[in-house]
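With mmCIF, C-alpha atoms inside, this is model-v2.cif:
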data_data
#
loop_
_atom_site.group_PDB
_atom_site.id
_atom_site.type_symbol
_atom_site.label_atom_id
_atom_site.label_comp_id
_atom_site.auth_asym_id
_atom_site.auth_seq_id
_atom_site.Cartn_x
_atom_site.Cartn_y
_atom_site.Cartn_z
ATOM 1 C CA PHE A 1 97.802 90.201 93.535
ATOM 2 C CA ARG A 2 98.083 91.650 90.043
ATOM 3 C CA LYS A 3 98.448 89.647 86.820
ATOM 4 C CA ASP A 4 101.907 91.155 86.260
ATOM 5 C CA GLY A 5 103.184 89.583 89.500
ATOM 6 C CA ILE A 6 103.053 92.709 91.672
ATOM 7 C CA TYR A 7 101.471 92.345 95.097
ATOM 8 C CA VAL A 8 99.661 95.456 96.374
ATOM 9 C CA ILE A 9 98.875 96.192 100.017
ATOM 10 C CA SER A 10 96.720 99.248 100.728
ATOM 11 C CA LEU A 11 96.947 100.539 104.274
ATOM 12 C CA TYR A 12 94.316 103.128 105.208
ATOM 13 C CA SER A 13 95.350 103.810 108.805
ATOM 14 C CA PHE A 14 97.626 102.597 111.574
ATOM 15 C CA ASN A 15 94.948 101.459 114.023
ATOM 16 C CA ALA A 16 94.809 98.580 116.498
ATOM 17 C CA GLN A 17 93.860 96.091 113.740
ATOM 18 C CA SER A 18 96.558 97.183 111.269
ATOM 19 C CA LYS A 19 99.385 95.092 112.730
ATOM 20 C CA ARG A 20 97.407 91.836 112.457
ATOM 21 C CA LEU A 21 95.998 92.680 109.024
ATOM 22 C CA PHE A 22 99.418 93.677 107.672
ATOM 23 C CA GLU A 23 100.942 90.454 108.991
ATOM 24 C CA LYS A 24 98.192 88.473 107.254
ATOM 25 C CA GLU A 25 98.888 90.292 103.975
ATOM 26 C CA MET A 26 102.635 89.738 104.302
ATOM 27 C CA GLU A 27 102.029 86.000 104.804
ATOM 28 C CA ALA A 28 99.838 85.948 101.678
ATOM 29 C CA PHE A 29 102.514 87.905 99.789
ATOM 30 C CA SER A 30 105.225 85.404 100.763
ATOM 31 C CA LYS A 31 103.144 82.539 99.359
ATOM 32 C CA THR A 32 103.052 84.185 95.908
ATOM 33 C CA ASN A 33 106.860 84.044 95.519
ATOM 34 C CA SER A 34 106.612 87.542 94.012
ATOM 35 C CA LYS A 35 109.637 89.833 94.303
ATOM 36 C CA LYS A 36 107.577 93.006 93.711
ATOM 37 C CA LEU A 37 105.570 94.758 96.426
ATOM 38 C CA ILE A 38 103.614 98.015 96.415
ATOM 39 C CA ILE A 39 102.487 99.504 99.730
ATOM 40 C CA ASP A 40 99.807 102.109 99.107
ATOM 41 C CA LEU A 41 99.766 104.733 101.873
ATOM 42 C CA ARG A 42 97.823 107.351 99.932
ATOM 43 C CA GLY A 43 95.195 109.080 102.012
ATOM 44 C CA ASN A 44 96.490 107.364 105.159
ATOM 45 C CA PRO A 45 96.282 109.930 107.993
ATOM 46 C CA GLY A 46 98.419 107.864 110.374
ATOM 47 C CA GLY A 47 97.627 106.366 113.750
ATOM 48 C CA TYR A 48 99.578 104.505 116.409
ATOM 49 C CA LEU A 49 103.354 104.927 116.507
ATOM 50 C CA ASP A 50 103.989 101.346 117.710
ATOM 51 C CA ILE A 51 102.108 99.973 114.700
ATOM 52 C CA ALA A 52 104.218 102.110 112.339
ATOM 53 C CA VAL A 53 107.437 100.891 113.992
ATOM 54 C CA ASP A 54 106.275 97.264 113.752
ATOM 55 C CA ILE A 55 105.337 97.561 110.063
ATOM 56 C CA ALA A 56 108.644 99.254 109.225
ATOM 57 C CA GLY A 57 110.352 96.346 110.997
ATOM 58 C CA TRP A 58 109.203 93.947 108.273
ATOM 59 C CA PHE A 59 111.701 95.655 105.952
ATOM 60 C CA LEU A 60 114.529 96.905 108.200
ATOM 61 C CA PRO A 61 117.192 94.941 110.054
ATOM 62 C CA GLU A 62 116.531 94.596 113.768
ATOM 63 C CA GLY A 63 117.769 97.677 115.604
ATOM 64 C CA SER A 64 117.475 100.045 112.620
ATOM 65 C CA VAL A 65 116.236 103.540 113.446
ATOM 66 C CA VAL A 66 112.631 104.040 112.327
ATOM 67 C CA VAL A 67 111.966 107.488 113.825
ATOM 68 C CA SER A 68 113.105 109.815 116.604
ATOM 69 C CA GLU A 69 111.182 112.215 118.841
ATOM 70 C CA ASP A 70 113.021 115.534 119.078
ATOM 71 C CA PHE A 71 112.037 117.355 122.292
ATOM 72 C CA GLY A 72 114.433 120.269 121.811
ATOM 73 C CA LYS A 73 117.889 121.233 122.974
ATOM 74 C CA ASN A 74 117.905 120.154 126.617
ATOM 75 C CA ILE A 75 116.060 116.834 126.396
ATOM 76 C CA GLU A 76 117.471 113.659 124.884
ATOM 77 C CA ASP A 77 115.648 112.308 121.820
ATOM 78 C CA ASN A 78 113.542 109.155 122.046
ATOM 79 C CA VAL A 79 114.715 106.795 119.317
ATOM 80 C CA TYR A 80 112.379 104.076 118.030
ATOM 81 C CA ARG A 81 114.054 101.084 116.399
ATOM 82 C CA SER A 82 112.779 98.101 114.486
ATOM 83 C CA GLY A 83 112.355 95.116 116.757
ATOM 84 C CA ARG A 84 111.505 92.282 114.399
ATOM 85 C CA THR A 85 114.023 89.454 114.310
ATOM 86 C CA LYS A 86 112.884 88.340 110.848
ATOM 87 C CA GLN A 87 112.361 90.564 107.817
ATOM 88 C CA ILE A 88 111.347 89.955 104.226
ATOM 89 C CA ASP A 89 114.141 89.157 101.760
ATOM 90 C CA LYS A 90 116.276 92.093 100.661
ATOM 91 C CA ASP A 91 115.875 91.081 97.014
ATOM 92 C CA ILE A 92 112.188 92.046 97.109
ATOM 93 C CA SER A 93 111.629 95.407 95.422
ATOM 94 C CA VAL A 94 109.359 97.694 97.434
ATOM 95 C CA VAL A 95 107.516 100.785 96.226
ATOM 96 C CA ILE A 96 105.526 103.026 98.559
ATOM 97 C CA LEU A 97 102.772 105.210 97.105
ATOM 98 C CA VAL A 98 102.146 108.518 98.908
ATOM 99 C CA ASP A 99 100.140 111.680 98.386
ATOM 100 C CA ALA A 100 99.167 114.881 100.194
ATOM 101 C CA GLY A 101 96.878 112.799 102.433
ATOM 102 C CA SER A 102 99.723 110.588 103.681
ATOM 103 C CA ALA A 103 100.461 111.862 107.180
ATOM 104 C CA SER A 104 101.963 111.068 110.564
ATOM 105 C CA ALA A 105 102.552 107.295 110.960
ATOM 106 C CA SER A 106 102.413 106.742 107.195
ATOM 107 C CA GLU A 107 105.156 109.361 106.796
ATOM 108 C CA ILE A 108 107.179 107.637 109.523
ATOM 109 C CA VAL A 109 107.064 104.293 107.666
ATOM 110 C CA ALA A 110 107.700 105.869 104.252
ATOM 111 C CA GLY A 111 110.588 107.979 105.571
ATOM 112 C CA ALA A 112 112.223 105.067 107.389
ATOM 113 C CA LEU A 113 112.086 102.738 104.383
ATOM 114 C CA LYS A 114 113.238 105.441 101.963
ATOM 115 C CA GLU A 115 116.199 106.577 104.071
ATOM 116 C CA ASN A 116 117.279 102.999 104.802
ATOM 117 C CA ASP A 117 117.297 102.333 101.022
ATOM 118 C CA ARG A 118 114.547 99.754 101.410
ATOM 119 C CA ALA A 119 111.793 101.358 99.335
ATOM 120 C CA THR A 120 111.216 103.857 96.557
ATOM 121 C CA LEU A 121 108.619 106.563 97.220
ATOM 122 C CA ILE A 122 106.297 107.547 94.388
ATOM 123 C CA GLY A 123 103.565 110.172 94.320
ATOM 124 C CA GLU A 124 103.005 113.610 95.769
ATOM 125 C CA GLN A 125 104.618 115.544 98.613
ATOM 126 C CA THR A 126 103.222 114.158 101.871
ATOM 127 C CA PHE A 127 101.161 116.158 104.365
ATOM 128 C CA GLY A 128 103.870 116.932 106.932
ATOM 129 C CA LYS A 129 102.200 115.866 110.205
ATOM 130 C CA GLY A 130 105.293 115.242 112.253
ATOM 131 C CA SER A 131 104.442 116.558 115.678
ATOM 132 C CA VAL A 132 104.096 114.725 118.974
ATOM 133 C CA GLN A 133 101.161 116.054 120.962
ATOM 134 C CA GLU A 134 99.917 115.606 124.494
ATOM 135 C CA VAL A 135 96.370 116.265 125.669
ATOM 136 C CA VAL A 136 95.799 118.252 128.855
ATOM 137 C CA LYS A 137 92.367 118.225 130.523
ATOM 138 C CA MET A 138 91.106 121.698 131.334
ATOM 139 C CA ASP A 139 88.096 123.008 133.267
ATOM 140 C CA LYS A 140 84.532 122.375 132.154
ATOM 141 C CA GLY A 141 85.290 119.377 129.951
ATOM 142 C CA THR A 142 87.672 121.114 127.557
ATOM 143 C CA LEU A 143 90.952 119.699 126.321
ATOM 144 C CA LEU A 144 94.149 121.403 125.241
ATOM 145 C CA LYS A 145 96.539 119.779 122.773
ATOM 146 C CA ILE A 146 100.171 120.775 123.220
ATOM 147 C CA THR A 147 102.960 119.950 120.782
ATOM 148 C CA VAL A 148 105.861 118.600 122.842
ATOM 149 C CA ALA A 149 108.182 117.198 120.189
ATOM 150 C CA LYS A 150 108.611 116.632 116.464
ATOM 151 C CA TRP A 151 109.218 113.459 114.505
ATOM 152 C CA LEU A 152 112.557 113.064 112.739
ATOM 153 C CA THR A 153 113.355 110.535 110.019
ATOM 154 C CA PRO A 154 116.397 108.254 110.517
ATOM 155 C CA ASN A 155 118.544 110.922 108.803
ATOM 156 C CA GLY A 156 117.253 113.621 111.163
ATOM 157 C CA VAL A 157 114.839 115.308 108.747
ATOM 158 C CA SER A 158 111.798 116.910 110.384
ATOM 159 C CA ILE A 159 108.617 115.442 108.921
ATOM 160 C CA SER A 160 106.535 118.404 110.108
ATOM 161 C CA GLU A 161 108.473 121.075 108.228
ATOM 162 C CA LYS A 162 107.444 120.056 104.716
ATOM 163 C CA GLY A 163 106.576 116.378 104.677
ATOM 164 C CA LEU A 164 108.427 113.857 102.515
ATOM 165 C CA THR A 165 109.429 114.379 98.917
ATOM 166 C CA PRO A 166 108.993 111.210 96.837
ATOM 167 C CA ASP A 167 111.848 109.784 94.770
ATOM 168 C CA TYR A 168 109.487 110.101 91.791
ATOM 169 C CA VAL A 169 107.056 112.991 92.000
ATOM 170 C CA VAL A 170 103.874 112.416 90.017
ATOM 171 C CA GLU A 171 101.965 115.586 89.217
ATOM 172 C CA LEU A 172 98.251 114.999 89.056
ATOM 173 C CA LYS A 173 96.197 117.080 86.684
ATOM 174 C CA THR A 174 92.458 117.671 86.806
ATOM 175 C CA LYS A 175 92.040 116.017 83.395
ATOM 176 C CA ASP A 176 93.670 112.811 84.672
ATOM 177 C CA SER A 177 91.235 112.489 87.557
ATOM 178 C CA THR A 178 88.262 112.590 85.182
ATOM 179 C CA ASP A 179 89.915 109.947 82.980
ATOM 180 C CA LYS A 180 90.021 107.643 86.032
ATOM 181 C CA LYS A 181 93.748 107.074 85.506
ATOM 182 C CA ASP A 182 95.777 106.264 88.593
ATOM 183 C CA LEU A 183 99.047 107.888 87.533
ATOM 184 C CA ILE A 184 100.777 107.231 90.845
ATOM 185 C CA MET A 185 99.980 103.503 90.725
ATOM 186 C CA GLU A 186 100.957 103.383 87.039
ATOM 187 C CA LYS A 187 104.369 104.897 87.871
ATOM 188 C CA GLY A 188 104.901 102.344 90.646
ATOM 189 C CA VAL A 189 104.010 99.460 88.339
ATOM 190 C CA GLU A 190 106.262 100.853 85.608
ATOM 191 C CA LEU A 191 109.199 101.096 88.014
ATOM 192 C CA LEU A 192 108.757 97.548 89.348
ATOM 193 C CA ASN A 193 108.362 96.062 85.862
ATOM 194 C CA LYS A 194 111.585 97.592 84.489
#

Show me this structure written as structure tokens.
Amino acid sequence: FRKDGIYVISLYSFNAQSKRLFEKEMEAFSKTNSKKLIIDLRGNPGGYLDIAVDIAGWFLPEGSVVVSEDFGKNIEDNVYRSGRTKQIDKDISVVILVDAGSASASEIVAGALKENDRATLIGEQTFGKGSVQEVVKMDKGTLLKITVAKWLTPNGVSISEKGLTPDYVVELKTKDSTDKKDLIMEKGVELLNK
């Protein structure tokens, strides 16, 4: 919790522990009475789809589309919807920080909140890991990964084609990294404090 009243949650992956840890952070956030939240998904390579859908559900009305699996022309899409019956207040301003290391499940959450007008994305173009893969066991202990579908945002945009473009793109320069400035975080703070 920052001195300026902004609560920051950094999520490094969408693993089996993430749901419980995110819930704990959201409970702590609610006790602050803050109306400003930053979710930092920079460098988050993704993880479990069900965790991403659950986390998106904190911010989206029950039944809202979070992501779809597009299997191609002759197979019906799988649509994943938020299932939470209770969400955080709509008057809470949410900023999501992303970068080129934000991929897969982090792109699903960021895309769902952006396209449902629930969060503002700040940072760099995301990685673009929007494919659904299955593993097939082969002979002699080898595995083959096959892409069977692609992830689509609620508006039908393919995540794998180019990733997500933030609402506010922050260009990072080599000089800035040596100055230890976090320009993406600074832009998020600036936006929430306006």

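Distance annotation: of A:Met26, A:Ile6, A:Ile51, A:Val169, the residue with the minimal separation from Asp89 in chain A is A:Met26; atom set is all atoms listed in the file.
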
Practice problem: Name the residues that the PyMOL selection byres ((chain A and resi 30) around 12) pulls out of this structure, and write them as an NGL selection string. | Solution: :A and (1 or 6-7 or 23-29 or 31-37 or 87-89 or 92)

Please dump the current selection as a PDB file, keeping the file's coordinate frame; keep C-alpha atoms.
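The result, written out as out13.pdb:
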ATOM      1  CA  PHE A   1      97.802  90.201  93.535  1.00  0.00           C
ATOM      2  CA  ILE A   6     103.053  92.709  91.672  1.00  0.00           C
ATOM      3  CA  TYR A   7     101.471  92.345  95.097  1.00  0.00           C
ATOM      4  CA  GLU A  23     100.942  90.454 108.991  1.00  0.00           C
ATOM      5  CA  LYS A  24      98.192  88.473 107.254  1.00  0.00           C
ATOM      6  CA  GLU A  25      98.888  90.292 103.975  1.00  0.00           C
ATOM      7  CA  MET A  26     102.635  89.738 104.302  1.00  0.00           C
ATOM      8  CA  GLU A  27     102.029  86.000 104.804  1.00  0.00           C
ATOM      9  CA  ALA A  28      99.838  85.948 101.678  1.00  0.00           C
ATOM     10  CA  PHE A  29     102.514  87.905  99.789  1.00  0.00           C
ATOM     11  CA  LYS A  31     103.144  82.539  99.359  1.00  0.00           C
ATOM     12  CA  THR A  32     103.052  84.185  95.908  1.00  0.00           C
ATOM     13  CA  ASN A  33     106.860  84.044  95.519  1.00  0.00           C
ATOM     14  CA  SER A  34     106.612  87.542  94.012  1.00  0.00           C
ATOM     15  CA  LYS A  35     109.637  89.833  94.303  1.00  0.00           C
ATOM     16  CA  LYS A  36     107.577  93.006  93.711  1.00  0.00           C
ATOM     17  CA  LEU A  37     105.570  94.758  96.426  1.00  0.00           C
ATOM     18  CA  GLN A  87     112.361  90.564 107.817  1.00  0.00           C
ATOM     19  CA  ILE A  88     111.347  89.955 104.226  1.00  0.00           C
ATOM     20  CA  ASP A  89     114.141  89.157 101.760  1.00  0.00           C
ATOM     21  CA  ILE A  92     112.188  92.046  97.109  1.00  0.00           C
TER      22      ILE A  92
END

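What separates CA of Pro45 in chain A from CA of Lys86 in chain A is a distance of 27.4 Å.
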
Quiz item: What lies within 12 Å of Asn15 in chain A using all atoms listed in the file, ignoring chain neighbours under 6 positions off, as a PyMOL selection string?
Solution: chain A and resi 21-22+44-52+55+105-106

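We find CA of Ile75 in chain A and CA of Ala149 in chain A to be spaced 10.0 Å apart.
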
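Selection by the PyMOL selection byres ((chain A and resi 108) around 9) on the present file picks out Gly46, Leu49, Ala52, Val53, Ala56, Val66, Val67, Ala103, Ser104, Ala105, Ser106, Glu107, Val109, Ala110, Gly111, Ala112, Leu113, Gly130, Trp151, Leu152, Thr153 and Ile159 of chain A.
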
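For the set A:Val94, A:Val65, A:Leu143, A:Leu183, the residue with the smallest atom-to-atom gap to Tyr80 in chain A is A:Val65, counting all atoms listed in the file.
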
Exercise. Please evaluate the PyMOL selection byres ((chain A and resi 116-119) around 7) against the structure above and give the resulting residues as a count of residues only.
Key: 10

Exercise. Give the answer as one residue: which of A:Thr85, A:Gln133, A:Asn155, A:Thr147 has the shortest atom-to-atom distance to Gly57 in chain A, using all atoms listed in the file?
Key: A:Thr85

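Those residues that approach Met185 in chain A to within 9 Å, counting only C-alpha atoms, are Ile38, Asp40, Leu97, Ile122, Gly123, Lys181, Asp182, Leu183, Lys187, Gly188, Val189 and Glu190 of chain A; same-chain residues fewer than 2 positions away are not listed.
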
Self-check item: Atom pair CA of Phe127 in chain A / CA of Pro166 in chain A: separation (Å)
Solution: 11.9 Å
